[in-house]
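Encoded as C-alpha coordinates, the structure appears first; notes follow it.
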Amino acid sequence: MAIMAIPAFLRGPTDPNVTGPQVITSWKLGPLTINLTETVVLEWIVVAVILGLACFLTRNLKVRGVSKRQAVAEMAVETITKLVRDTMGRRWLWFTPYIASVFCFSIFGSLISLFGVRAVTSDFSVLLSWAAVTFLIITWTKIRYGGIGGYLKGFADPMPVMLPINILSEVATPAAMALRHFGNIAGGGIIMMLVYYGLANASHMIGLDIAVFDVGIPAVLSLYFDLFSDFMQAFIFIMLTMVFVSNAGPAEDEASAS
Amino acid sequence: MVSLPAAVAAAEVKLPFLSIDTGTILFTLINLAILVFGLKHFLFKPVNDILAKRQEAVDKSLTEAEQAKSEAEAAQAEYAEKLAAAKEESAEMIRRATRRAQERSDEIVAAAKAEAAAVMQQNEAELEREKRRAASELRSEVSGLAVMVAEKVVEREINPADHARLIDEFIDSVGDVQ
Amino acid sequence: MTDMGEAIILAGSAIGAGLAMIAGIGPGIGEGYAVGKACEAIARQPEASGAVTRTMFVGCAVAESTGIYGLIIALLLIFLKPFT
(Lines give C-alpha, C1' and ligand atoms only; values in the text may rest on other atoms or scores of the structure.)
Protein backbone atom coordinates (compact mmCIF):
# COMPACT_ATOMS: atom_id res chain seq x y z
CA MET A 1 0.00 0.00 0.00
CA ALA A 2 1.22 3.40 -0.91
CA ILE A 3 0.06 4.82 2.35
CA MET A 4 2.39 2.58 4.30
CA ALA A 5 5.37 4.13 2.53
CA ILE A 6 5.22 7.47 4.33
CA PRO A 7 7.84 7.95 7.01
CA ALA A 8 6.74 7.20 10.53
CA PHE A 9 7.32 10.68 11.91
CA LEU A 10 4.72 12.15 9.54
CA ARG A 11 2.09 10.15 11.36
CA GLY A 12 2.70 12.15 14.48
CA PRO A 13 3.12 10.71 17.96
CA THR A 14 1.10 7.58 18.42
CA ASP A 15 2.15 6.53 21.89
CA PRO A 16 1.98 9.07 24.69
CA ASN A 17 4.82 7.69 26.73
CA VAL A 18 6.18 9.77 29.57
CA THR A 19 9.67 8.76 30.58
CA GLY A 20 12.86 10.34 31.73
CA PRO A 21 15.93 10.83 29.58
CA GLN A 22 17.48 7.97 27.72
CA VAL A 23 20.66 6.46 29.15
CA ILE A 24 23.37 6.31 26.50
CA THR A 25 26.15 4.62 28.43
CA SER A 26 26.82 4.01 32.06
CA TRP A 27 29.86 3.25 34.12
CA LYS A 28 30.08 1.40 37.40
CA LEU A 29 32.14 3.36 39.89
CA GLY A 30 32.12 1.27 43.04
CA PRO A 31 28.63 1.51 44.49
CA LEU A 32 27.74 4.40 42.16
CA THR A 33 26.37 4.07 38.69
CA ILE A 34 27.41 7.03 36.56
CA ASN A 35 24.96 7.40 33.71
CA LEU A 36 25.69 9.38 30.62
CA THR A 37 22.17 10.39 29.63
CA GLU A 38 20.56 12.18 26.74
CA THR A 39 20.30 15.22 28.99
CA VAL A 40 24.04 15.50 29.46
CA VAL A 41 24.67 15.35 25.72
CA LEU A 42 22.09 18.09 25.21
CA GLU A 43 23.79 20.09 27.96
CA TRP A 44 27.03 19.90 26.07
CA ILE A 45 25.29 21.22 22.99
CA VAL A 46 23.69 24.02 25.01
CA VAL A 47 26.96 25.01 26.67
CA ALA A 48 28.76 24.95 23.33
CA VAL A 49 26.06 27.10 21.73
CA ILE A 50 26.11 29.65 24.58
CA LEU A 51 29.88 29.92 24.63
CA GLY A 52 30.00 30.10 20.84
CA LEU A 53 27.44 32.88 20.92
CA ALA A 54 29.45 34.72 23.58
CA CYS A 55 32.62 34.42 21.50
CA PHE A 56 30.78 35.52 18.38
CA LEU A 57 29.24 38.54 20.08
CA THR A 58 32.48 39.71 21.64
CA ARG A 59 34.66 39.40 18.56
CA ASN A 60 36.80 42.51 17.91
CA LEU A 61 35.22 44.88 20.42
CA LYS A 62 35.80 48.58 19.89
CA VAL A 63 35.49 51.63 22.09
CA ARG A 64 34.03 53.70 19.27
CA GLY A 65 31.98 52.71 16.24
CA VAL A 66 30.06 49.93 17.97
CA SER A 67 28.80 47.16 15.70
CA LYS A 68 25.38 45.58 16.17
CA ARG A 69 26.98 42.44 17.61
CA GLN A 70 28.86 44.42 20.20
CA ALA A 71 25.75 46.45 21.06
CA VAL A 72 23.89 43.20 21.77
CA ALA A 73 26.73 41.91 23.94
CA GLU A 74 26.98 45.18 25.86
CA MET A 75 23.24 45.37 26.36
CA ALA A 76 23.13 41.81 27.66
CA VAL A 77 25.98 42.38 30.10
CA GLU A 78 24.61 45.70 31.29
CA THR A 79 21.08 44.36 31.73
CA ILE A 80 22.14 41.39 33.83
CA THR A 81 24.60 43.51 35.82
CA LYS A 82 21.90 46.07 36.56
CA LEU A 83 19.49 43.32 37.59
CA VAL A 84 22.02 41.84 40.01
CA ARG A 85 22.92 45.27 41.40
CA ASP A 86 19.29 46.26 41.89
CA THR A 87 18.30 42.97 43.47
CA MET A 88 21.36 42.02 45.51
CA GLY A 89 23.32 45.20 45.99
CA ARG A 90 26.72 46.37 44.84
CA ARG A 91 28.84 43.93 46.86
CA TRP A 92 27.32 40.93 45.08
CA LEU A 93 28.37 42.11 41.62
CA TRP A 94 30.96 39.31 41.38
CA PHE A 95 27.99 36.96 41.43
CA THR A 96 26.79 38.20 38.02
CA PRO A 97 28.49 35.54 35.83
CA TYR A 98 26.86 32.73 37.80
CA ILE A 99 23.43 34.34 37.48
CA ALA A 100 23.97 34.95 33.78
CA SER A 101 25.13 31.37 33.30
CA VAL A 102 22.12 29.85 35.04
CA PHE A 103 19.80 32.15 33.13
CA CYS A 104 21.30 31.29 29.74
CA PHE A 105 21.56 27.60 30.61
CA SER A 106 17.93 27.52 31.69
CA ILE A 107 16.57 29.41 28.69
CA PHE A 108 18.61 27.57 26.07
CA GLY A 109 18.09 24.27 27.84
CA SER A 110 14.33 24.79 27.79
CA LEU A 111 14.15 26.16 24.27
CA ILE A 112 16.09 23.24 22.87
CA SER A 113 12.81 21.34 23.12
CA LEU A 114 11.67 23.39 20.12
CA PHE A 115 14.00 21.22 18.03
CA GLY A 116 12.07 18.13 19.01
CA VAL A 117 14.35 16.75 21.70
CA ARG A 118 13.79 16.55 25.44
CA ALA A 119 14.29 19.85 27.21
CA VAL A 120 17.35 19.79 29.43
CA THR A 121 15.30 21.42 32.18
CA SER A 122 12.68 18.68 32.16
CA ASP A 123 15.22 16.47 33.90
CA PHE A 124 14.88 16.90 37.64
CA SER A 125 18.55 16.08 38.30
CA VAL A 126 19.68 19.16 36.37
CA LEU A 127 17.49 21.51 38.36
CA LEU A 128 18.39 19.79 41.58
CA SER A 129 22.08 20.39 40.92
CA TRP A 130 21.49 24.08 40.14
CA ALA A 131 19.41 24.44 43.26
CA ALA A 132 22.12 22.63 45.23
CA VAL A 133 24.65 25.22 44.07
CA THR A 134 22.29 27.94 45.25
CA PHE A 135 21.89 26.13 48.56
CA LEU A 136 25.66 25.87 48.98
CA ILE A 137 26.08 29.56 48.26
CA ILE A 138 23.34 30.44 50.76
CA THR A 139 25.01 28.31 53.43
CA TRP A 140 28.45 29.71 52.61
CA THR A 141 27.10 33.27 52.88
CA LYS A 142 25.48 32.56 56.22
CA ILE A 143 28.68 31.04 57.60
CA ARG A 144 30.80 33.84 56.16
CA TYR A 145 28.76 36.62 57.74
CA GLY A 146 27.65 34.87 60.91
CA GLY A 147 30.42 32.36 61.60
CA ILE A 148 29.83 28.63 62.07
CA GLY A 149 28.36 29.24 65.52
CA GLY A 150 25.97 31.85 64.22
CA TYR A 151 24.93 29.58 61.38
CA LEU A 152 24.21 26.67 63.73
CA LYS A 153 22.48 28.93 66.22
CA GLY A 154 20.24 30.16 63.41
CA PHE A 155 18.59 26.75 63.36
CA ALA A 156 17.46 27.07 66.98
CA ASP A 157 15.90 30.46 66.35
CA PRO A 158 13.65 31.71 67.92
CA MET A 159 13.58 28.63 70.21
CA PRO A 160 15.14 25.17 70.12
CA VAL A 161 11.75 23.53 69.52
CA MET A 162 11.81 25.04 66.03
CA LEU A 163 14.91 23.04 65.08
CA PRO A 164 13.21 20.47 62.79
CA ILE A 165 11.07 23.12 61.16
CA ASN A 166 14.09 25.29 60.50
CA ILE A 167 16.04 22.40 59.00
CA LEU A 168 13.03 21.55 56.87
CA SER A 169 12.67 25.13 55.64
CA GLU A 170 16.38 25.28 54.90
CA VAL A 171 16.14 22.19 52.71
CA ALA A 172 12.79 23.21 51.26
CA THR A 173 14.27 26.31 49.64
CA PRO A 174 16.34 24.55 46.95
CA ALA A 175 13.88 21.68 46.67
CA ALA A 176 11.02 24.08 45.99
CA MET A 177 13.10 26.00 43.44
CA ALA A 178 14.03 22.82 41.60
CA LEU A 179 10.53 21.35 41.73
CA ARG A 180 8.92 24.57 40.52
CA HIS A 181 11.15 24.83 37.48
CA PHE A 182 10.93 21.13 36.76
CA GLY A 183 7.17 21.06 37.16
CA ASN A 184 6.61 23.99 34.83
CA ILE A 185 8.87 22.81 32.03
CA ALA A 186 8.17 19.09 32.28
CA GLY A 187 4.45 19.68 32.77
CA GLY A 188 4.39 22.03 29.81
CA GLY A 189 6.27 19.47 27.75
CA ILE A 190 3.80 16.72 28.66
CA ILE A 191 0.85 18.93 27.87
CA MET A 192 2.38 19.84 24.51
CA MET A 193 3.04 16.17 23.84
CA LEU A 194 -0.57 15.31 24.68
CA VAL A 195 -1.75 18.07 22.36
CA TYR A 196 0.37 16.66 19.53
CA TYR A 197 -0.89 13.18 20.31
CA GLY A 198 -4.50 14.28 20.44
CA LEU A 199 -4.25 16.25 17.19
CA ALA A 200 -2.49 13.34 15.48
CA ASN A 201 -5.29 11.01 16.61
CA ALA A 202 -7.86 13.51 15.37
CA SER A 203 -6.10 13.54 11.99
CA HIS A 204 -6.16 9.76 11.86
CA MET A 205 -9.83 9.76 12.82
CA ILE A 206 -10.86 11.78 9.77
CA GLY A 207 -8.96 9.31 7.63
CA LEU A 208 -5.65 11.06 7.08
CA ASP A 209 -2.50 9.13 7.78
CA ILE A 210 -0.43 12.31 7.90
CA ALA A 211 -0.97 14.32 11.08
CA VAL A 212 -2.09 17.52 9.38
CA PHE A 213 -3.56 19.03 12.55
CA ASP A 214 -0.13 18.94 14.14
CA VAL A 215 0.96 21.67 11.74
CA GLY A 216 0.40 25.18 13.04
CA ILE A 217 -2.26 24.59 15.66
CA PRO A 218 0.04 23.60 18.56
CA ALA A 219 2.20 26.65 17.89
CA VAL A 220 -0.34 28.81 19.71
CA LEU A 221 -0.03 26.71 22.85
CA SER A 222 3.69 26.41 22.33
CA LEU A 223 3.97 30.19 22.60
CA TYR A 224 2.87 29.90 26.21
CA PHE A 225 4.21 26.51 27.25
CA ASP A 226 7.57 26.85 25.56
CA LEU A 227 8.51 30.48 25.01
CA PHE A 228 6.76 32.35 27.81
CA SER A 229 7.05 29.63 30.40
CA ASP A 230 10.74 29.03 29.62
CA PHE A 231 11.62 32.69 29.94
CA MET A 232 9.54 33.13 33.08
CA GLN A 233 10.98 30.08 34.79
CA ALA A 234 14.55 31.05 33.96
CA PHE A 235 13.91 34.57 35.23
CA ILE A 236 12.18 33.35 38.37
CA PHE A 237 14.91 30.85 39.10
CA ILE A 238 17.62 33.52 39.01
CA MET A 239 15.44 36.01 40.88
CA LEU A 240 14.85 33.53 43.67
CA THR A 241 18.53 32.61 43.72
CA MET A 242 19.48 36.27 44.05
CA VAL A 243 16.86 37.02 46.70
CA PHE A 244 17.72 33.98 48.82
CA VAL A 245 21.46 34.51 48.59
CA SER A 246 21.36 38.24 49.32
CA ASN A 247 18.95 37.66 52.21
CA ALA A 248 21.41 35.18 53.70
CA GLY A 249 23.91 38.00 54.26
CA PRO A 250 23.39 41.13 56.33
CA ALA A 251 21.73 44.20 54.85
CA GLU A 252 23.77 46.32 52.47
CA ASP A 253 24.53 49.24 54.81
CA GLU A 254 25.60 46.99 57.68
CA ALA A 255 28.05 45.16 55.44
CA SER A 256 29.57 48.35 54.08
CA ALA A 257 29.83 49.82 57.59
CA SER A 258 31.74 46.89 59.03
CA MET B 1 0.70 0.66 11.99
CA VAL B 2 4.34 1.45 11.53
CA SER B 3 6.32 1.01 14.68
CA LEU B 4 9.96 1.00 15.56
CA PRO B 5 11.75 -2.35 15.44
CA ALA B 6 11.35 -4.16 18.73
CA ALA B 7 15.07 -4.71 19.21
CA VAL B 8 15.86 -0.99 19.20
CA ALA B 9 13.04 -0.20 21.58
CA ALA B 10 14.20 -2.85 24.00
CA ALA B 11 17.78 -1.57 23.90
CA GLU B 12 16.69 1.88 25.03
CA VAL B 13 17.16 2.26 28.75
CA LYS B 14 15.17 5.19 30.03
CA LEU B 15 15.24 6.74 33.43
CA PRO B 16 11.92 7.34 35.15
CA PHE B 17 10.12 10.64 34.67
CA LEU B 18 11.05 12.03 38.08
CA SER B 19 14.47 10.68 38.87
CA ILE B 20 17.55 11.80 40.73
CA ASP B 21 20.53 10.56 38.79
CA THR B 22 24.04 10.87 40.18
CA GLY B 23 25.68 10.96 36.77
CA THR B 24 23.43 13.72 35.50
CA ILE B 25 24.01 15.79 38.63
CA LEU B 26 27.76 15.35 38.32
CA PHE B 27 27.88 16.23 34.65
CA THR B 28 25.50 19.15 35.14
CA LEU B 29 27.70 20.62 37.85
CA ILE B 30 30.75 20.28 35.62
CA ASN B 31 28.88 21.84 32.70
CA LEU B 32 27.66 24.68 34.90
CA ALA B 33 31.18 25.37 36.10
CA ILE B 34 32.45 25.36 32.52
CA LEU B 35 29.66 27.71 31.51
CA VAL B 36 30.31 30.09 34.41
CA PHE B 37 34.03 30.32 33.69
CA GLY B 38 33.45 30.45 29.96
CA LEU B 39 30.94 33.28 30.20
CA LYS B 40 33.14 35.11 32.66
CA HIS B 41 36.12 34.81 30.34
CA PHE B 42 34.49 35.21 26.95
CA LEU B 43 31.62 37.59 27.65
CA PHE B 44 31.95 39.50 30.90
CA LYS B 45 35.66 40.23 30.91
CA PRO B 46 35.96 41.69 27.39
CA VAL B 47 32.67 43.59 27.54
CA ASN B 48 33.38 45.02 30.97
CA ASP B 49 36.86 46.00 29.81
CA ILE B 50 35.40 47.82 26.85
CA LEU B 51 32.75 49.48 29.00
CA ALA B 52 35.40 50.61 31.49
CA LYS B 53 37.54 51.98 28.67
CA ARG B 54 34.61 53.85 27.20
CA GLN B 55 33.67 55.20 30.61
CA GLU B 56 37.23 56.37 31.03
CA ALA B 57 37.17 58.13 27.65
CA VAL B 58 33.85 59.75 28.43
CA ASP B 59 35.09 60.87 31.83
CA LYS B 60 38.23 62.26 30.28
CA SER B 61 36.40 64.26 27.64
CA LEU B 62 33.90 65.45 30.23
CA THR B 63 36.69 66.61 32.49
CA GLU B 64 38.34 68.40 29.60
CA ALA B 65 35.11 70.06 28.59
CA GLU B 66 34.48 71.14 32.16
CA GLN B 67 37.98 72.52 32.43
CA ALA B 68 37.60 74.48 29.19
CA LYS B 69 34.27 75.78 30.35
CA SER B 70 35.61 76.92 33.68
CA GLU B 71 38.54 78.60 31.93
CA ALA B 72 36.23 80.43 29.58
CA GLU B 73 34.07 81.49 32.50
CA ALA B 74 37.09 82.77 34.37
CA ALA B 75 38.24 84.77 31.33
CA GLN B 76 34.78 86.20 30.90
CA ALA B 77 34.59 87.16 34.53
CA GLU B 78 37.96 88.83 34.24
CA TYR B 79 36.87 90.85 31.23
CA ALA B 80 33.69 91.88 32.93
CA GLU B 81 35.64 92.94 35.97
CA LYS B 82 38.07 94.97 33.89
CA LEU B 83 35.24 96.61 31.98
CA ALA B 84 33.49 97.53 35.17
CA ALA B 85 36.70 98.94 36.60
CA ALA B 86 37.28 101.08 33.49
CA LYS B 87 33.75 102.38 33.59
CA GLU B 88 34.07 103.19 37.24
CA GLU B 89 37.33 105.01 36.61
CA SER B 90 35.97 107.14 33.79
CA ALA B 91 32.92 108.03 35.81
CA GLU B 92 35.14 108.97 38.70
CA MET B 93 37.25 111.15 36.43
CA ILE B 94 34.23 112.96 35.05
CA ARG B 95 32.88 113.46 38.54
CA ARG B 96 36.15 114.81 39.79
CA ALA B 97 36.51 117.22 36.86
CA THR B 98 32.99 118.47 37.31
CA ARG B 99 33.54 119.00 40.97
CA ARG B 100 36.75 120.89 40.37
CA ALA B 101 35.14 123.13 37.77
CA GLN B 102 32.27 123.82 40.08
CA GLU B 103 34.62 124.65 42.89
CA ARG B 104 36.65 126.91 40.67
CA SER B 105 33.62 128.85 39.43
CA ASP B 106 32.31 129.19 42.97
CA GLU B 107 35.67 130.49 44.05
CA ILE B 108 35.77 133.05 41.26
CA VAL B 109 32.26 134.28 41.96
CA ALA B 110 32.96 134.51 45.67
CA ALA B 111 36.19 136.42 45.05
CA ALA B 112 34.44 138.87 42.74
CA LYS B 113 31.70 139.40 45.24
CA ALA B 114 34.18 139.97 48.03
CA GLU B 115 36.15 142.47 45.95
CA ALA B 116 33.07 144.40 45.03
CA ALA B 117 32.00 144.50 48.68
CA ALA B 118 35.47 145.70 49.72
CA VAL B 119 35.50 148.49 47.11
CA MET B 120 32.07 149.64 48.20
CA GLN B 121 33.06 149.67 51.84
CA GLN B 122 36.23 151.64 51.10
CA ASN B 123 34.28 154.22 49.17
CA GLU B 124 31.78 154.63 51.93
CA ALA B 125 34.54 155.00 54.50
CA GLU B 126 36.27 157.66 52.38
CA LEU B 127 33.08 159.58 51.97
CA GLU B 128 32.44 159.50 55.70
CA ARG B 129 35.93 160.68 56.43
CA GLU B 130 35.66 163.56 53.94
CA LYS B 131 32.39 164.60 55.48
CA ARG B 132 33.79 164.53 58.94
CA ARG B 133 36.88 166.47 57.93
CA ALA B 134 34.79 169.09 56.18
CA ALA B 135 32.59 169.46 59.24
CA SER B 136 35.53 169.81 61.59
CA GLU B 137 37.20 172.35 59.30
CA LEU B 138 34.00 174.34 59.17
CA ARG B 139 33.72 174.25 62.91
CA SER B 140 37.27 175.52 63.45
CA GLU B 141 36.74 178.24 60.81
CA VAL B 142 33.51 179.39 62.39
CA SER B 143 35.08 179.60 65.82
CA GLY B 144 38.00 181.47 64.41
CA LEU B 145 35.68 183.92 62.75
CA ALA B 146 33.72 184.30 65.93
CA VAL B 147 36.90 185.03 67.81
CA MET B 148 37.94 187.49 65.14
CA VAL B 149 34.57 189.20 65.20
CA ALA B 150 34.70 189.39 68.92
CA GLU B 151 38.18 190.96 68.72
CA LYS B 152 36.97 193.50 66.22
CA VAL B 153 34.08 194.40 68.40
CA VAL B 154 36.19 194.70 71.41
CA GLU B 155 38.88 196.66 69.55
CA ARG B 156 36.66 199.68 68.80
CA GLU B 157 33.42 201.34 69.53
CA ILE B 158 31.06 200.51 67.08
CA ASN B 159 29.15 203.09 65.22
CA PRO B 160 26.23 202.23 63.08
CA ALA B 161 28.25 202.77 60.01
CA ASP B 162 30.96 200.63 61.29
CA HIS B 163 28.34 198.18 62.41
CA ALA B 164 26.96 197.85 59.05
CA ARG B 165 30.34 197.56 57.52
CA LEU B 166 31.30 195.04 60.03
CA ILE B 167 28.41 192.91 59.28
CA ASP B 168 29.09 193.19 55.64
CA GLU B 169 32.68 192.27 56.24
CA PHE B 170 31.60 189.34 58.31
CA ILE B 171 29.25 188.23 55.74
CA ASP B 172 31.83 188.60 53.11
CA SER B 173 34.31 186.68 55.09
CA VAL B 174 31.83 184.07 55.76
CA GLY B 175 30.97 184.05 52.15
CA ASP B 176 34.61 183.69 51.42
CA VAL B 177 34.78 180.84 53.69
CA GLN B 178 31.71 179.25 52.26
CA MET C 1 -1.40 -8.93 40.34
CA THR C 2 -4.86 -9.65 39.06
CA ASP C 3 -6.46 -7.67 36.30
CA MET C 4 -9.10 -6.48 38.73
CA GLY C 5 -6.52 -5.22 41.18
CA GLU C 6 -4.66 -3.38 38.44
CA ALA C 7 -7.84 -1.83 37.21
CA ILE C 8 -8.68 -0.61 40.73
CA ILE C 9 -5.21 0.85 41.11
CA LEU C 10 -5.45 2.63 37.76
CA ALA C 11 -8.84 4.00 38.64
CA GLY C 12 -7.54 5.12 42.03
CA SER C 13 -4.55 6.77 40.37
CA ALA C 14 -6.77 8.64 37.94
CA ILE C 15 -9.07 9.81 40.72
CA GLY C 16 -6.04 10.77 42.79
CA ALA C 17 -4.63 12.76 39.91
CA GLY C 18 -7.89 14.62 39.57
CA LEU C 19 -7.95 15.32 43.28
CA ALA C 20 -4.35 16.48 43.19
CA MET C 21 -5.25 19.10 40.63
CA ILE C 22 -7.59 20.71 43.16
CA ALA C 23 -4.33 22.30 44.28
CA GLY C 24 -4.74 24.55 41.26
CA ILE C 25 -7.55 26.47 42.93
CA GLY C 26 -5.36 28.17 45.50
CA PRO C 27 -2.73 29.56 43.14
CA GLY C 28 -5.46 30.59 40.74
CA ILE C 29 -7.21 32.74 43.34
CA GLY C 30 -3.97 33.97 44.83
CA GLU C 31 -2.39 34.93 41.55
CA GLY C 32 -5.52 36.63 40.35
CA TYR C 33 -5.56 38.66 43.53
CA ALA C 34 -1.85 39.48 43.18
CA VAL C 35 -2.21 40.58 39.56
CA GLY C 36 -5.23 42.69 40.44
CA LYS C 37 -3.29 44.42 43.17
CA ALA C 38 -0.37 44.90 40.81
CA CYS C 39 -2.70 46.54 38.29
CA GLU C 40 -3.93 48.89 41.00
CA ALA C 41 -0.38 49.70 41.97
CA ILE C 42 0.61 50.40 38.36
CA ALA C 43 -2.47 52.56 37.87
CA ARG C 44 -1.55 54.57 40.95
CA GLN C 45 2.15 54.80 40.13
CA PRO C 46 2.80 54.11 36.45
CA GLU C 47 6.49 55.04 36.82
CA ALA C 48 7.03 52.04 39.13
CA SER C 49 5.53 49.57 36.67
CA GLY C 50 8.85 47.79 36.06
CA ALA C 51 9.52 47.02 39.69
CA VAL C 52 5.88 46.13 40.34
CA THR C 53 5.76 43.74 37.41
CA ARG C 54 9.00 42.05 38.40
CA THR C 55 7.92 41.61 41.99
CA MET C 56 4.52 40.39 40.88
CA PHE C 57 6.01 37.74 38.61
CA VAL C 58 8.29 36.46 41.34
CA GLY C 59 5.41 36.41 43.81
CA CYS C 60 3.18 34.64 41.30
CA ALA C 61 5.89 32.06 40.73
CA VAL C 62 6.18 31.38 44.43
CA ALA C 63 2.41 31.18 44.80
CA GLU C 64 2.23 28.90 41.80
CA SER C 65 4.57 26.33 43.26
CA THR C 66 1.80 24.63 45.25
CA GLY C 67 -0.17 24.23 42.06
CA ILE C 68 2.92 22.88 40.35
CA TYR C 69 3.38 20.32 43.12
CA GLY C 70 -0.19 19.20 42.50
CA LEU C 71 0.54 18.98 38.79
CA ILE C 72 3.65 16.88 39.39
CA ILE C 73 1.73 14.50 41.61
CA ALA C 74 -1.02 14.23 39.01
CA LEU C 75 1.49 13.56 36.23
CA LEU C 76 3.23 10.93 38.34
CA LEU C 77 -0.03 9.22 39.11
CA ILE C 78 -1.17 9.19 35.50
CA PHE C 79 2.02 8.41 33.63
CA LEU C 80 4.39 6.81 36.11
CA LYS C 81 1.74 4.63 37.73
CA PRO C 82 3.88 4.17 40.84
CA PHE C 83 1.52 1.72 42.53
CA THR C 84 1.16 -0.82 39.77
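Order determines the names: the first chain of the C-alpha coordinates is A, the second B, and so forth; residues in each chain are numbered 1 upward, and ligands are numbered 1 upward as they are shown.
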Considering only C-alpha atoms, give me a table of residues in chain C that are at most 12 Å from chain A, with the closest atom pair and distance in Å for each, as CSV.
residue,atom,partner,partner_atom,distance
C:Gly50,CA,A:Leu83,CA,11.6
C:Ala51,CA,A:Asp86,CA,10.0
C:Arg54,CA,A:Met239,CA,9.2
C:Thr55,CA,A:Met239,CA,9.4
C:Met56,CA,A:Ile236,CA,10.7
C:Phe57,CA,A:Ile236,CA,7.6
C:Val58,CA,A:Ile236,CA,5.8
C:Gly59,CA,A:Ile236,CA,9.2
C:Cys60,CA,A:Ile236,CA,9.5
C:Ala61,CA,A:Ile236,CA,6.8
C:Val62,CA,A:Arg180,CA,8.3
C:Ala63,CA,A:Arg180,CA,10.2
C:Glu64,CA,A:Arg180,CA,8.1
C:Ser65,CA,A:Arg180,CA,5.4
C:Thr66,CA,A:Arg180,CA,8.5
C:Gly67,CA,A:Arg180,CA,9.2
C:Ile68,CA,A:Gly183,CA,5.6
C:Tyr69,CA,A:Gly183,CA,7.1
C:Gly70,CA,A:Gly183,CA,9.3
C:Leu71,CA,A:Gly183,CA,7.1
C:Ile72,CA,A:Gly183,CA,5.9
C:Ile73,CA,A:Gly183,CA,9.6
C:Ala74,CA,A:Gly187,CA,9.9
C:Leu75,CA,A:Gly187,CA,7.6
C:Leu76,CA,A:Val18,CA,9.3
C:Leu77,CA,A:Val18,CA,11.4
C:Ile78,CA,A:Val18,CA,9.5
C:Phe79,CA,A:Val18,CA,6.0
C:Leu80,CA,A:Val18,CA,7.4
C:Lys81,CA,A:Val18,CA,10.6
Restrict the distance test to only C-alpha atoms, flag each residue of chain B within 10 Å of chain C, and return the flagged residues as a ChimeraX atom specification.
/B:16-18
Identify every residue of chain A that has at least one atom within 6 Å of any atom of chain B, counting only C-alpha atoms, and report the result as a list in words.
Thr19, Gly20, Pro21, Gln22, Val23, Ile34, Asn35, Ala54, Cys55, Val63, Pro97, Tyr98, Ser101, Ser125, Val126 and Ser129 of chain A
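Counting only C-alpha atoms, the residue from B:Val153, B:Leu145, B:Ala72, B:Leu127 that sits nearest to Asp172 in chain B is B:Leu145.
For range 11-243 of chain A, a DSSP pass over the backbone yields strand (DSSP E or B) at Gln22, Val23, Ile24, Thr25, Ser26, Trp27, Lys28, Leu29, Leu32, Thr33, Ile34, Asn35, Leu36 and Thr37 of chain A.
Here CA of Gly109 in chain A is placed at a distance of 11.8 Å from CA of Leu227 in chain A.
What separates CA of Glu170 in chain A from CA of Lys142 in chain A is a distance of 11.7 Å.
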Write down as a ChimeraX atom specification the residues of range 52-237 of chain A whose backbone DSSP state falls under helix (DSSP H, G or I).
/A:52-57,68-88,90-115,120-122,124-155,160-205,212-214,217-237
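Nearest to Leu221 in chain A of all the residues A:Gly30, A:Pro164, A:Pro174, A:Gly189 is A:Gly189, based on only C-alpha atoms.
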So what do you get for CA of Thr241 in chain A versus CA of Arg90 in chain A, distance-wise?
16.0 Å
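Residue nearest Val147 in chain B within the list B:Arg165, B:Glu56, B:Ala77, B:Phe170: B:Phe170 [criterion: smallest interatomic distance, only C-alpha atoms].
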